[in-house]
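Structure below is work_30.cif: mmCIF, C-alpha atoms and all ligand atoms.
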data_protein
#
loop_
_atom_site.label_atom_id
_atom_site.label_comp_id
_atom_site.auth_asym_id
_atom_site.auth_seq_id
_atom_site.Cartn_x
_atom_site.Cartn_y
_atom_site.Cartn_z
CA MET A 1 -30.60 -86.73 -157.28
CA ASN A 2 -34.21 -85.70 -157.91
CA LEU A 3 -35.93 -82.53 -156.79
CA VAL A 4 -37.67 -84.19 -153.84
CA ASP A 5 -34.21 -84.92 -152.46
CA ASP A 6 -32.98 -81.45 -153.36
CA LYS A 7 -35.93 -79.86 -151.57
CA THR A 8 -35.52 -81.98 -148.46
CA ILE A 9 -31.85 -81.08 -148.35
CA VAL A 10 -32.60 -77.37 -148.85
CA ARG A 11 -35.25 -77.41 -146.10
CA GLN A 12 -32.99 -79.22 -143.68
CA TYR A 13 -30.09 -76.90 -144.51
CA PHE A 14 -32.13 -73.72 -143.93
CA ASN A 15 -33.45 -75.20 -140.68
CA SER A 16 -29.92 -75.89 -139.39
CA THR A 17 -26.44 -74.64 -140.44
CA GLY A 18 -27.89 -72.66 -143.34
CA PHE A 19 -30.22 -70.84 -140.97
CA ASP A 20 -27.32 -69.81 -138.72
CA ARG A 21 -25.22 -68.66 -141.69
CA TRP A 22 -27.92 -66.79 -143.61
CA GLN A 23 -29.70 -65.13 -140.72
CA ARG A 24 -26.29 -63.62 -139.87
CA ILE A 25 -25.60 -62.58 -143.46
CA TYR A 26 -29.10 -61.10 -143.72
CA GLY A 27 -28.62 -59.29 -140.40
CA GLU A 28 -26.66 -56.40 -139.01
CA GLY A 29 -24.11 -58.07 -136.73
CA LYS A 30 -20.43 -58.70 -137.39
CA VAL A 31 -19.65 -61.10 -140.23
CA ASN A 32 -16.54 -62.01 -142.21
CA LYS A 33 -15.51 -60.15 -145.37
CA VAL A 34 -17.09 -62.58 -147.81
CA GLN A 35 -20.35 -62.59 -145.89
CA LEU A 36 -20.31 -58.79 -145.71
CA ASP A 37 -19.87 -58.65 -149.47
CA ILE A 38 -22.85 -61.00 -149.95
CA ARG A 39 -24.90 -58.95 -147.46
CA THR A 40 -24.15 -55.76 -149.41
CA GLY A 41 -24.98 -57.35 -152.76
CA HIS A 42 -28.22 -58.89 -151.53
CA GLN A 43 -29.29 -55.58 -150.00
CA GLN A 44 -28.77 -53.94 -153.40
CA THR A 45 -31.11 -56.47 -155.00
CA VAL A 46 -33.75 -55.84 -152.31
CA ASP A 47 -33.35 -52.06 -152.69
CA THR A 48 -33.79 -52.27 -156.47
CA VAL A 49 -37.07 -54.16 -156.09
CA ILE A 50 -38.38 -51.65 -153.54
CA LYS A 51 -37.32 -48.77 -155.79
CA TRP A 52 -39.13 -50.31 -158.79
CA LEU A 53 -42.33 -50.85 -156.83
CA GLN A 54 -42.25 -47.43 -155.22
CA ALA A 55 -41.71 -45.78 -158.61
CA ASP A 56 -45.02 -47.28 -159.78
CA GLY A 57 -46.80 -45.28 -157.08
CA ASN A 58 -49.33 -48.01 -156.13
CA LEU A 59 -47.48 -49.86 -153.38
CA PRO A 60 -49.87 -48.98 -150.52
CA GLY A 61 -52.49 -51.76 -150.47
CA LEU A 62 -50.78 -53.80 -153.20
CA CYS A 63 -51.14 -57.55 -152.68
CA VAL A 64 -47.67 -59.11 -152.87
CA CYS A 65 -46.49 -62.69 -152.44
CA ASP A 66 -42.87 -63.04 -151.30
CA ALA A 67 -42.12 -66.68 -152.20
CA GLY A 68 -39.09 -68.02 -150.33
CA CYS A 69 -39.05 -64.98 -148.04
CA GLY A 70 -36.04 -66.00 -145.94
CA VAL A 71 -35.80 -63.81 -142.85
CA GLY A 72 -38.10 -61.16 -144.32
CA SER A 73 -35.44 -58.90 -145.88
CA LEU A 74 -37.88 -57.88 -148.61
CA SER A 75 -41.25 -58.59 -146.95
CA ILE A 76 -40.68 -56.23 -144.04
CA PRO A 77 -39.67 -53.10 -146.03
CA LEU A 78 -42.45 -53.84 -148.54
CA ALA A 79 -45.02 -53.98 -145.75
CA ASP A 80 -43.46 -50.87 -144.25
CA ALA A 81 -44.19 -49.12 -147.55
CA GLY A 82 -47.85 -50.19 -147.26
CA ALA A 83 -48.01 -53.45 -149.23
CA ILE A 84 -50.12 -56.38 -148.02
CA VAL A 85 -47.60 -59.20 -147.98
CA CYS A 86 -47.94 -62.99 -147.94
CA ALA A 87 -44.50 -64.25 -146.95
CA SER A 88 -43.62 -67.93 -147.06
CA ASP A 89 -40.56 -70.12 -146.98
CA ILE A 90 -39.86 -73.84 -147.03
CA SER A 91 -37.80 -73.45 -143.84
CA GLU A 92 -39.76 -73.12 -140.60
CA LYS A 93 -36.79 -71.46 -138.92
CA MET A 94 -36.39 -68.80 -141.61
CA VAL A 95 -40.12 -67.96 -141.39
CA ALA A 96 -39.98 -67.83 -137.58
CA GLU A 97 -37.02 -65.45 -137.79
CA ALA A 98 -38.89 -63.32 -140.35
CA TYR A 99 -41.86 -63.16 -137.99
CA ASP A 100 -39.61 -62.18 -135.05
CA ARG A 101 -37.98 -59.43 -137.12
CA SER A 102 -41.35 -58.12 -138.22
CA THR A 103 -42.49 -57.79 -134.61
CA ALA A 104 -39.20 -56.45 -133.21
CA VAL A 105 -40.22 -52.81 -133.12
CA PRO A 106 -42.79 -52.28 -130.33
CA GLY A 107 -45.97 -50.67 -131.57
CA LYS A 108 -45.13 -51.25 -135.23
CA LEU A 109 -47.63 -53.54 -136.93
CA TYR A 110 -47.04 -54.82 -140.46
CA ASN A 111 -49.60 -56.33 -142.77
CA ILE A 112 -47.71 -59.58 -143.34
CA SER A 113 -49.01 -63.14 -143.09
CA PHE A 114 -46.35 -65.79 -142.69
CA ALA A 115 -46.40 -69.45 -143.68
CA ALA A 116 -43.87 -72.27 -143.69
CA GLN A 117 -44.59 -73.65 -147.13
CA ASP A 118 -43.01 -74.97 -150.29
CA LEU A 119 -43.56 -72.24 -152.88
CA GLU A 120 -44.87 -74.82 -155.32
CA ALA A 121 -47.76 -75.47 -152.93
CA LEU A 122 -48.79 -71.80 -152.76
CA THR A 123 -52.36 -71.07 -153.82
CA GLY A 124 -54.39 -67.90 -154.32
CA LYS A 125 -53.88 -64.86 -156.53
CA PHE A 126 -51.53 -61.97 -155.94
CA HIS A 127 -51.05 -58.78 -157.94
CA THR A 128 -47.30 -59.30 -157.73
CA VAL A 129 -45.27 -62.41 -156.96
CA ILE A 130 -41.63 -61.94 -156.01
CA CYS A 131 -39.09 -64.70 -155.65
CA LEU A 132 -35.57 -63.50 -154.84
CA ASP A 133 -32.49 -65.70 -154.89
CA VAL A 134 -34.45 -68.97 -154.63
CA LEU A 135 -33.85 -70.32 -158.15
CA ILE A 136 -30.29 -71.05 -157.06
CA HIS A 137 -31.80 -74.07 -155.27
CA TYR A 138 -33.50 -75.35 -158.44
CA PRO A 139 -31.76 -77.42 -161.11
CA GLN A 140 -32.28 -76.18 -164.64
CA ASN A 141 -34.74 -78.93 -165.54
CA LYS A 142 -37.01 -77.97 -162.61
CA ALA A 143 -36.98 -74.20 -163.14
CA ALA A 144 -39.77 -74.23 -165.75
CA GLU A 145 -42.20 -76.04 -163.46
CA MET A 146 -41.41 -73.72 -160.57
CA ILE A 147 -41.79 -70.54 -162.66
CA ALA A 148 -45.02 -71.88 -164.20
CA HIS A 149 -46.45 -72.34 -160.73
CA LEU A 150 -45.47 -68.84 -159.62
CA SER A 151 -46.95 -67.51 -162.88
CA SER A 152 -50.27 -69.23 -162.10
CA ILE A 153 -50.64 -67.24 -158.87
CA ALA A 154 -49.36 -63.92 -160.30
CA GLU A 155 -52.16 -61.75 -161.69
CA SER A 156 -50.04 -58.94 -163.12
CA ARG A 157 -46.37 -59.32 -162.39
CA LEU A 158 -43.63 -61.77 -161.48
CA ILE A 159 -40.24 -60.58 -160.22
CA LEU A 160 -37.46 -63.16 -160.14
CA SER A 161 -33.80 -63.11 -159.37
CA PHE A 162 -31.26 -65.81 -160.11
CA ALA A 163 -27.53 -66.43 -160.39
CA PRO A 164 -26.79 -65.98 -164.09
CA LYS A 165 -24.97 -68.75 -165.91
CA THR A 166 -22.07 -67.11 -167.69
CA LEU A 167 -18.64 -68.51 -168.51
CA ALA A 168 -16.89 -66.29 -165.98
CA LEU A 169 -19.26 -67.17 -163.14
CA THR A 170 -19.16 -70.86 -163.95
CA ALA A 171 -15.35 -70.71 -163.65
CA LEU A 172 -15.60 -68.85 -160.34
CA LYS A 173 -18.06 -71.43 -159.01
CA LYS A 174 -15.69 -74.25 -160.00
CA ILE A 175 -12.85 -72.57 -158.10
CA GLY A 176 -15.16 -72.23 -155.09
CA GLU A 177 -16.00 -75.93 -155.26
CA LEU A 178 -12.30 -76.78 -154.98
CA PHE A 179 -12.33 -75.33 -151.48
CA PRO A 180 -15.41 -76.72 -149.75
CA GLY A 181 -15.81 -75.33 -146.25
CA PRO A 182 -18.06 -76.44 -143.40
CA SER A 183 -20.41 -73.48 -143.83
CA LYS A 184 -20.79 -73.88 -147.60
CA THR A 185 -24.31 -74.10 -148.86
CA THR A 186 -26.26 -76.85 -150.63
CA ARG A 187 -25.78 -77.28 -154.39
CA ALA A 188 -26.03 -73.95 -156.19
CA TYR A 189 -27.60 -73.87 -159.64
CA GLN A 190 -27.01 -71.06 -162.11
CA HIS A 191 -29.48 -70.34 -164.90
CA ARG A 192 -29.16 -68.94 -168.40
CA GLU A 193 -31.02 -65.66 -168.72
CA ALA A 194 -32.33 -66.65 -172.16
CA ASP A 195 -33.87 -69.83 -170.67
CA ILE A 196 -35.59 -67.92 -167.86
CA ILE A 197 -36.97 -65.31 -170.28
CA LYS A 198 -38.27 -68.06 -172.57
CA ILE A 199 -40.07 -69.71 -169.65
CA LEU A 200 -41.58 -66.38 -168.56
CA GLU A 201 -42.75 -65.64 -172.11
CA SER A 202 -44.31 -69.07 -172.46
CA ASN A 203 -46.33 -68.27 -169.33
CA GLY A 204 -47.71 -65.07 -170.84
CA PHE A 205 -45.24 -62.50 -169.56
CA VAL A 206 -42.97 -59.90 -171.15
CA ILE A 207 -39.88 -58.45 -169.54
CA ASN A 208 -40.41 -54.91 -168.31
CA ARG A 209 -37.38 -54.00 -166.18
CA THR A 210 -34.05 -55.69 -165.52
CA ALA A 211 -31.15 -55.15 -163.16
CA MET A 212 -27.93 -56.86 -162.24
CA THR A 213 -26.17 -56.88 -158.90
CA SER A 214 -22.50 -57.88 -158.96
CA THR A 215 -20.20 -57.65 -156.00
CA ASN A 216 -17.14 -59.84 -155.46
CA PHE A 217 -19.07 -62.87 -154.24
CA TYR A 218 -22.71 -62.11 -155.03
CA TYR A 219 -24.21 -62.16 -158.52
CA SER A 220 -27.90 -61.79 -159.07
CA ARG A 221 -29.85 -61.00 -162.22
CA LEU A 222 -33.22 -59.45 -161.55
CA LEU A 223 -36.12 -59.59 -164.02
CA GLU A 224 -39.50 -57.95 -163.75
CA ALA A 225 -42.01 -59.71 -165.98
CA VAL A 226 -45.49 -58.32 -166.56
CA ARG A 227 -48.54 -59.92 -168.18
CA LYS A 228 -48.78 -59.28 -171.93
N1 LIG B 1 -35.77 -64.48 -150.78
C1 LIG B 1 -35.05 -64.25 -149.57
C2 LIG B 1 -34.20 -63.02 -149.68
O1 LIG B 1 -33.82 -62.65 -150.81
O2 LIG B 1 -33.88 -62.42 -148.64
C3 LIG B 1 -34.22 -65.47 -149.13
C4 LIG B 1 -33.16 -65.93 -150.11
S1 LIG B 1 -32.27 -67.37 -149.52
C5 LIG B 1 -30.82 -67.40 -150.51
C6 LIG B 1 -33.19 -68.69 -150.22
C7 LIG B 1 -34.45 -69.01 -149.44
O3 LIG B 1 -35.28 -69.82 -150.29
C8 LIG B 1 -34.24 -69.80 -148.16
O4 LIG B 1 -34.87 -69.14 -147.09
C9 LIG B 1 -34.88 -71.15 -148.45
O5 LIG B 1 -35.42 -71.78 -147.32
C10 LIG B 1 -35.94 -70.77 -149.48
N2 LIG B 1 -36.40 -71.85 -150.36
C11 LIG B 1 -35.65 -72.70 -151.10
N3 LIG B 1 -36.44 -73.54 -151.80
C12 LIG B 1 -37.72 -73.20 -151.51
C13 LIG B 1 -38.99 -73.70 -151.91
N4 LIG B 1 -39.12 -74.73 -152.75
N5 LIG B 1 -40.10 -73.11 -151.41
C14 LIG B 1 -40.00 -72.07 -150.54
N6 LIG B 1 -38.82 -71.57 -150.11
C15 LIG B 1 -37.70 -72.12 -150.59
#
Just dump the structure as structure tokens.
Ligand code: SAM
Amino acid sequence: MNLVDDKTIVRQYFNSTGFDRWQRIYGEGKVNKVQLDIRTGHQQTVDTVIKWLQADGNLPGLCVCDAGCGVGSLSIPLADAGAIVCASDISEKMVAEAYDRSTAVPGKLYNISFAAQDLEALTGKFHTVICLDVLIHYPQNKAAEMIAHLSSIAESRLILSFAPKTLALTALKKIGELFPGPSKTTRAYQHREADIIKILESNGFVINRTAMTSTNFYYSRLLEAVRK
């Protein structure tokens, strides 16, 4: 299967069953135990990014691109902290939900522009580009191209998160694949940290901060890369 197929499948998934599943996980309503665990883990990843950016002290007015923004879990708190956010996602339904969430509080106006767009078609320049939990939809041989594109629009910093490829997690994934359920996602790709770092370095970045979120069902390695 090539990436064009993968992307079409991902877009269709996040416009249909995937939308229903993930907008619930990334929400506040009742969910099952596994989904609650994933919600908690994902929130930790989002909180770490916000904490990093706030610690730098220049978040108000900072131009940030949230590539693959989902339902706005990161974009909205970033804008709330004063950032100017360009949020985009390949799924029209995810972007529409993000927009609805950003306008849910009467009288509260965020500086966020939304677009339904493949992140590899993004243009412009942003101080910081952030792409959380999207690499899981990219096979290893397509990760370099995707990161190179995000690098080309990132003036100072690129923050990425991905499911790390380790022996233990690969085994867990295999067990999961033995029990496919109707609400399971599209193919999930893990990535070796060393590969991702090599790609970032070849695009002119060095790693500045790292974090790891591990809950029972959610594993996400977070890297902040800054221009050399
Ligand atoms: N980044 C968000 C977050 O952390 O809350 C959403 C993460 S969700 C697991 C993955 C998102 O990536 C989905 O909303 C999906 O539509 C989006 N996505 C996948 N491939 C994409 C692509 N090529 N361009 C833009 N968005 C993409």
TODO: Pick out the closest residue to Ile153 (chain A) from this set: A:Asn141, A:Ser220, A:Asn203, A:Asn111. Count all atoms listed in the file.
DONE: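 Between A:Asn141, A:Ser220, A:Asn203, A:Asn111, the residue approaching Ile153 (chain A) most closely is A:Asn203.
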Open item on the list: Distance limit 8 Å, reference ligand LIG 1 (chain B), atoms considered: only C-alpha atoms and all ligand atoms. Which residues make the cut? Give them as a PyMOL selection string.
Closed with: chain A and resi 7+10-11+13-15+19+22+26+42+45-46+66-74+88-91+94-95+116-120+131-138
Task: Nearest to Phe114 (chain A), chosen from A:Ala144, A:Ile76, A:Ile50, A:Leu62, with all atoms listed in the file counted in the distances - done: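 Nearest candidate to Phe114 (chain A) out of A:Ala144, A:Ile76, A:Ile50, A:Leu62: A:Ile76.
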Task: Who sits within 12 Å of Asn58 (chain A), only C-alpha atoms, same chain under 3 positions skipped, as a PyMOL selection string - done: chain A and resi 50+52-55+61-64+78+81-84+127-128
Task: Counting all atoms listed in the file, the option among A:Leu122, A:Ala211, A:Ala225, A:Ala188 closest to Leu158 (chain A) - done: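 Closest to Leu158 (chain A), using all atoms listed in the file: A:Ala225.
Nearest residue to Arg24 (chain A), choosing from A:Val85, A:Met146, A:Leu36, A:Val129 and counting only C-alpha atoms: A:Leu36.
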TODO: Find, counting only C-alpha atoms, the residue in A:Val34, A:Ile199, A:Ala87, A:Leu223 that gets nearest to Phe126 (chain A).
DONE: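 Selected residue with least distance to Phe126 (chain A): A:Ala87.
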TODO: Find the residues with any atom within 10 Å of (-21.7, -60.3, -151.9); use only C-alpha atoms and the coordinates as given in the file, and write the answer as a PyMOL selection string.
DONE: chain A and resi 25+33-44+213-220
Writing out the chosen residues with C-alpha atoms as a short mmCIF file (atom, residue, chain, number, x, y, z; two decimals), keeping the file's coordinate frame:
data_model
loop_
_atom_site.label_atom_id
_atom_site.label_comp_id
_atom_site.auth_asym_id
_atom_site.auth_seq_id
_atom_site.Cartn_x
_atom_site.Cartn_y
_atom_site.Cartn_z
CA ILE A 25 -25.60 -62.58 -143.46
CA LYS A 33 -15.51 -60.15 -145.37
CA VAL A 34 -17.09 -62.58 -147.81
CA GLN A 35 -20.35 -62.59 -145.89
CA LEU A 36 -20.31 -58.79 -145.71
CA ASP A 37 -19.87 -58.65 -149.47
CA ILE A 38 -22.85 -61.00 -149.95
CA ARG A 39 -24.90 -58.95 -147.46
CA THR A 40 -24.15 -55.76 -149.41
CA GLY A 41 -24.98 -57.35 -152.76
CA HIS A 42 -28.22 -58.89 -151.53
CA GLN A 43 -29.29 -55.58 -150.00
CA GLN A 44 -28.77 -53.94 -153.40
CA THR A 213 -26.17 -56.88 -158.90
CA SER A 214 -22.50 -57.88 -158.96
CA THR A 215 -20.20 -57.65 -156.00
CA ASN A 216 -17.14 -59.84 -155.46
CA PHE A 217 -19.07 -62.87 -154.24
CA TYR A 218 -22.71 -62.11 -155.03
CA TYR A 219 -24.21 -62.16 -158.52
CA SER A 220 -27.90 -61.79 -159.07
#
Give me the box for region 10-14 of chain A as JSON, namely the centre and edge lengths in Å to one decimal of a box along x, y and z that holds every listed atom plus 5 Å on each side.
{"center_x": -32.7, "center_y": -76.5, "center_z": -146.3, "size_x": 15.2, "size_y": 15.5, "size_z": 15.2}
TODO: Compare A:Ala143, A:Val49, A:Val31, A:Met212 by their minimum atom-to-atom distance to Pro164 (chain A), counting only C-alpha atoms, and give me the closest one.
DONE: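 With only C-alpha atoms as the atom set, the closest residue is A:Met212.
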Task: Interatomic distance, CA of Lys30 (chain A) to CA of Gln12 (chain A) (Å, one decimal) - done: 24.9 Å
